[in-house]
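S.K.: One structure is given below, represented as structure tokens, and several questions about it will come after.
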Amino acid sequence: MDYNFREVEKRWQEAWKEQKVYHVEEDESKPKFYVLDMFPYPSGAGLHVGHPLGYIASDIYARFKRQKGFNVLHPMGYDAFGLPAEQYAIQTGQHPAITTRQNIARYREQLDKIGFSFDWDRQVITADPKYYKWTQWVFIQLFNSYYCNKCDKARPISELVESFAKQGTQGLDAACTKPLSFTADEWNAMSEKEQQTTLLNYRLAYIADTWVNWCPKLGTVLANDEVVNGVSERGGYPVERKLMKQWILRVSAYAERLLKGLETLEWSDSIKEIQRNWIGRSEGAFIRFKIENNENTLDIFTTRPDTIFGVSFMVMCPEHALIEQITTPEQKAEVDKYVYWARNRSETERQTDVKKVSGVFTGAYAINPFTNERIPIWIAEYVLAGYGTGGIMAVPAHDSRDYAFAKHFNLPIREVIGGGDISKEAFETKDGTCVNSGFITGMSVKEGGKAIIEKVKEMGIGYGTVNYRLRDAIFSRQRYWGEPFPIYYKDGVPYALPEDKLPLLLPEVDKYLPTETGEPPLARAASWKTEDGCPYECSTMPGFAGSSGYYLRYMDPHNDEEFVSQKKNQYWQQVDLYVGGSEHATGHLIYSRFWNKFLFDLGLVCKDEPYAKLINQGMIQGRTNFVYRIVNTNQFVSLNLKDQYEVTPIRVDVNIVHNDVLDIEAFKQWRPEFNHAEFILEDGKYVCGWEIEKMSKSKYNVQNPDDLVEKYGADTLRLYEMFLGPIELSKPWDTNGIEGVFRFMRKFWRLYFDANGNFRVMDDEPTRDEYKILHKTIKKVEDDNERFSFNTTVSAFMIAVNELSELKCAKRKILEPMVVLISAYAPHVAEELWHLLGHSDFVVDATFPQFEASYLVENEAKYPVSFNGKTRLQKVFPANMAPKEIEAAVLADPDVQKYLDGKTPKKVIIVPKKIINIVM
RNA sequence: GCCUUGGUGGUGGAAUUGGUAGACACGAGGGACUUAAAAUCCCUUGAUCAUUACGAUCGUGCGGGUUCAAGUCCCGCCCGAGGUACCA
């Protein structure tokens, strides 16, 4: 019987489905293991060979763990809300739900062909009302919570209301948009509307006017991580800054815990580092500067309080609220002009002009609290609204940005940290000594900073504090295809919908565009209001809403009463292994951790981190092939002859190139303009050039997994994707090697059949050599699986099969465990052989073979003999021979003596079973 | 600029704690079988020199160092990839 992968794969895929082989239930008798792949967005293009890389790796691990006795949860679903489906809907009028359904069907079909062990009964789809009911529910919990800094966790907003009624803001320490201060009487005297507005200052999901990344082309705002290099991540459209009322999640309240939590995670250093930078913790001081002839104060955050004696000007961001109040009449015209200009600049313009200095003087002066000096207050773009207080004290001598500004506007530069040379550039060290600095002169930077903090505290104008770069996440999108907010407005104030009204279904609209008045698409829905006539929120939630807590829903996907039951959450705990791309480092992987920590605070989940171990699979790059057309002709010249001509490289479809040799007939058919192409060949072939690029349709280098499955089978594809190299590394996809893996698959199959195609496995006792091959392989596979080194496991299989073929081994005691070993990688062929071996259960439930070290014990050890570290020859000695004896034997050996050349060695190093080194 | 990675044959890569560098594949060359092709099998394949049998020298981005021994550890560079970028 030949290796007929089409028949084998079809048979077992059907059997697995029918018998629900991969269905999993909670089972207290077994330890659990949770393996999760990052949620895919089902795009219209379908899967390319890069997508399954991570899925194959996690599938191998899931199957391996199951064979090692774990109860493995390995689910899959779809992150189905999102921009592409909606953009398509705008263009065609087709409802995004339809497109999404089609795309999901296509994904499913492609995934099914690869033979994954997903439990599809647990599938979740974010766009399904049964699912987004719980996204909305979590949002309501966020809305109804605030962050208590004292107990360092989220608490019900009702507790805050009670406390305000009793003691106002006295003793309050809560995360907030801006610090407020009022008494119980003042609170109690507030109207309902005023109270609700006040509470928004504390809620973990709140609405506020904020500067946002507005993308006019997409008609929506974007989160910081959705803007890349000043343009939208999806589509690459320009992004502007705009002041808008938006729903926001108070992620910043969790900054410290998000940072600390990283220490407990088994994630790569690079991802942890990216998150640390994104959170951006910095210690410093908050200091209030008086403003001359003005009631207000200019508040600043600085990490260098030690340099306060060197302040020579102050800078506010162009968005600063105080600008109008402090600008002098003489400066007003100029300030207005600058502020207008700066505020309306796009992100792209801002980023490209980073080096250009711009700014304007307000005419106002602040007072240095230590020197009582008048300090001019400027406005400049280099100070950002979103960080700290939006104002700084500028110390040009010791900050390069302030330095550039001072030089440009001719402001004084005063040295306050000794030891540097400030004539050319700022001296930014943190290990200097304070000079010209009043009472801190002579102190180190560290001591000086501490002393200033003490002093400002005493003076009541500041305190030491910590600032984070991490900002609150903007949570509204002015789009149709997302979760509706469970929010309605009464008297202009937002209220949460009662939980029993969930899910709030996405309404039908006539068009997926904003209204004529610029409102989001949901405003088109005729009855988008409560029974009492209160209007619902018109924006929808962003992509990360549905993906932030999805791993919890997999634990209990059909529960309509609870988000996840305590019992099931207790059983599955958290994701043990999470596999996905590193591009989610600053988006999903932060939001998801935030979401989980919040649910943890509420006592809904038992772990405060969602993903214990994370593996980032590398990208699969495309390998583009080129042909070379001689300029102004229709002649194409082969790679190694092209330098003799002036040529234009042209990308050619990789599917008509084999091992870099062009299929000339297929090329002529490929596009009409090549019908009559002529070729200059080398050795009778047309050889193409190649380059590594991103895999994309426009570069004609896309490899579709379906085609490869069709040609070689899923098992070969799975093995080959793993064989390509370490899972975390990015690597080019090159089908040249897949033939070798396919050959291996057939060779493996042939171990079980004789020349006439009859199953030939017999029950004879294996030889010691045969056992040795098996146990060497068991050990290698087990160790490599545990460290996610799947490429070396594939090599180990190849070696074992080569060796067993050599021995013509057909013994059940060897070949049966081999089936189990390989089954995680090539489940279909393993299943077929497993049943041919007489089993009626499924190979995924077989027990992973037990490694017996005794089979690997050697009586002899082969020693490489080296002279001064250079290996010259090999000698075999009994494994238990003492080093002393080996030394004597080796020195007496005639071959060795030839190299000794009559000299006496200075030293002989013998590492048992490893190496002999003779030092001369 | 800063942070994180990585650099090994023509190609993908292996070498897990410092112990025979190049496993396993691809590609290439040669051969067997075959009317032929496919499939399969065998040999060679890091470079240079030598080839009569033994071989010899060099070699893991570059320059140093530690060590009996370095792809692996340390110091200083060079190059690539990813992240981040006025974050006070």
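If you're wondering about the labels, chains in the structure tokens are A, B, ... by order shown, residues count from 1 in each chain, ligands from 1 in order shown.
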Excluding Pro912 in chain A and any residue of its chain fewer than 6 positions from it, enumerate the residues within 10 Å of it, using only C-alpha atoms (C1' of nucleotides), and give them as a count of residues only.

M.R.: 8

S.K.: Within 7 Å of range 120-124 of chain A, counting only C-alpha atoms (C1' of nucleotides), which residues qualify if same-chain residues fewer than 3 places away don't, as an NGL selection string?

M.R.: :A and (23 or 75-78 or 131 or 554 or 557)

S.K.: Let's have the selection written as a CSV table (one decimal), in the first residue's frame, with N, CA and C atoms.

M.R.:
```
chain,number,residue,atom,x,y,z
A,23,HIS,N,-13.0,16.9,21.9
A,23,HIS,CA,-13.8,17.6,22.8
A,23,HIS,C,-13.3,17.4,24.2
A,75,PRO,N,-8.7,25.6,22.6
A,75,PRO,CA,-9.8,26.1,21.8
A,75,PRO,C,-9.4,27.0,20.7
A,76,MET,N,-10.4,27.4,19.9
A,76,MET,CA,-10.2,28.4,18.8
A,76,MET,C,-11.5,29.1,18.5
A,77,GLY,N,-11.3,30.3,18.1
A,77,GLY,CA,-12.5,31.2,17.8
A,77,GLY,C,-12.1,32.3,16.9
A,78,TYR,N,-12.9,33.3,16.8
A,78,TYR,CA,-12.6,34.4,15.9
A,78,TYR,C,-12.9,35.8,16.5
A,131,TYR,N,-21.8,36.2,22.8
A,131,TYR,CA,-20.5,36.5,23.3
A,131,TYR,C,-20.4,38.0,23.7
A,554,TYR,N,-13.6,30.8,27.0
A,554,TYR,CA,-13.4,29.5,26.5
A,554,TYR,C,-13.6,28.4,27.6
A,557,PRO,N,-17.9,28.4,27.7
A,557,PRO,CA,-18.4,29.2,26.6
A,557,PRO,C,-19.9,29.3,26.5
```

S.K.: Within 9 Å of G9 in chain B, counting only C-alpha atoms (C1' of nucleotides), which residues qualify if same-chain residues fewer than 2 places away don't, as an mmCIF file with N, CA, C and O atoms (P, O5', C5', C4', C3', O3' and C1' of nucleotides), in the first residue's frame?

M.R.:
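As written to disk, selection_28.cif reads:
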```
data_model
loop_
_atom_site.group_PDB
_atom_site.id
_atom_site.type_symbol
_atom_site.label_atom_id
_atom_site.label_comp_id
_atom_site.auth_asym_id
_atom_site.auth_seq_id
_atom_site.Cartn_x
_atom_site.Cartn_y
_atom_site.Cartn_z
ATOM 1 P P U B 11 24.717 30.632 1.631
ATOM 2 O "O5'" U B 11 23.292 29.957 1.472
ATOM 3 C "C5'" U B 11 22.231 30.649 0.811
ATOM 4 C "C4'" U B 11 20.952 29.877 1.010
ATOM 5 C "C3'" U B 11 20.603 29.575 2.463
ATOM 6 O "O3'" U B 11 19.985 30.685 3.100
ATOM 7 C "C1'" U B 11 20.376 27.607 1.200
ATOM 8 P P G B 22 31.476 18.464 12.501
ATOM 9 O "O5'" G B 22 30.298 19.217 11.771
ATOM 10 C "C5'" G B 22 29.000 19.311 12.362
ATOM 11 C "C4'" G B 22 28.170 20.195 11.488
ATOM 12 C "C3'" G B 22 28.053 19.698 10.058
ATOM 13 O "O3'" G B 22 26.912 18.868 10.015
ATOM 14 C "C1'" G B 22 28.510 22.053 10.144
ATOM 15 P P G B 46 31.849 19.403 2.867
ATOM 16 O "O5'" G B 46 31.957 20.948 3.199
ATOM 17 C "C5'" G B 46 30.964 21.848 2.746
ATOM 18 C "C4'" G B 46 31.466 23.262 2.894
ATOM 19 C "C3'" G B 46 32.805 23.538 2.214
ATOM 20 O "O3'" G B 46 32.624 23.838 0.853
ATOM 21 C "C1'" G B 46 32.885 24.327 4.423
#
```

S.K.: Once you count only C-alpha atoms (C1' of nucleotides), which residues of chain B turn out to be within 12 Å of chain A? Could you give them as a VMD selection string?

M.R.: chain B and resid 1 to 6 11 to 16 19 to 21 23 to 28 39 to 41 54 to 56 67 to 70 81 to 88

S.K.: Quick one: everything within 7 Å of range 32-43 of chain A, counting only C-alpha atoms (C1' of nucleotides), minus sequence neighbours fewer than 6 positions away in the same chain. Send it as a ChimeraX atom specification.

M.R.: /A:55,58,62,70-75,77-80,103-104,107,572,575-580
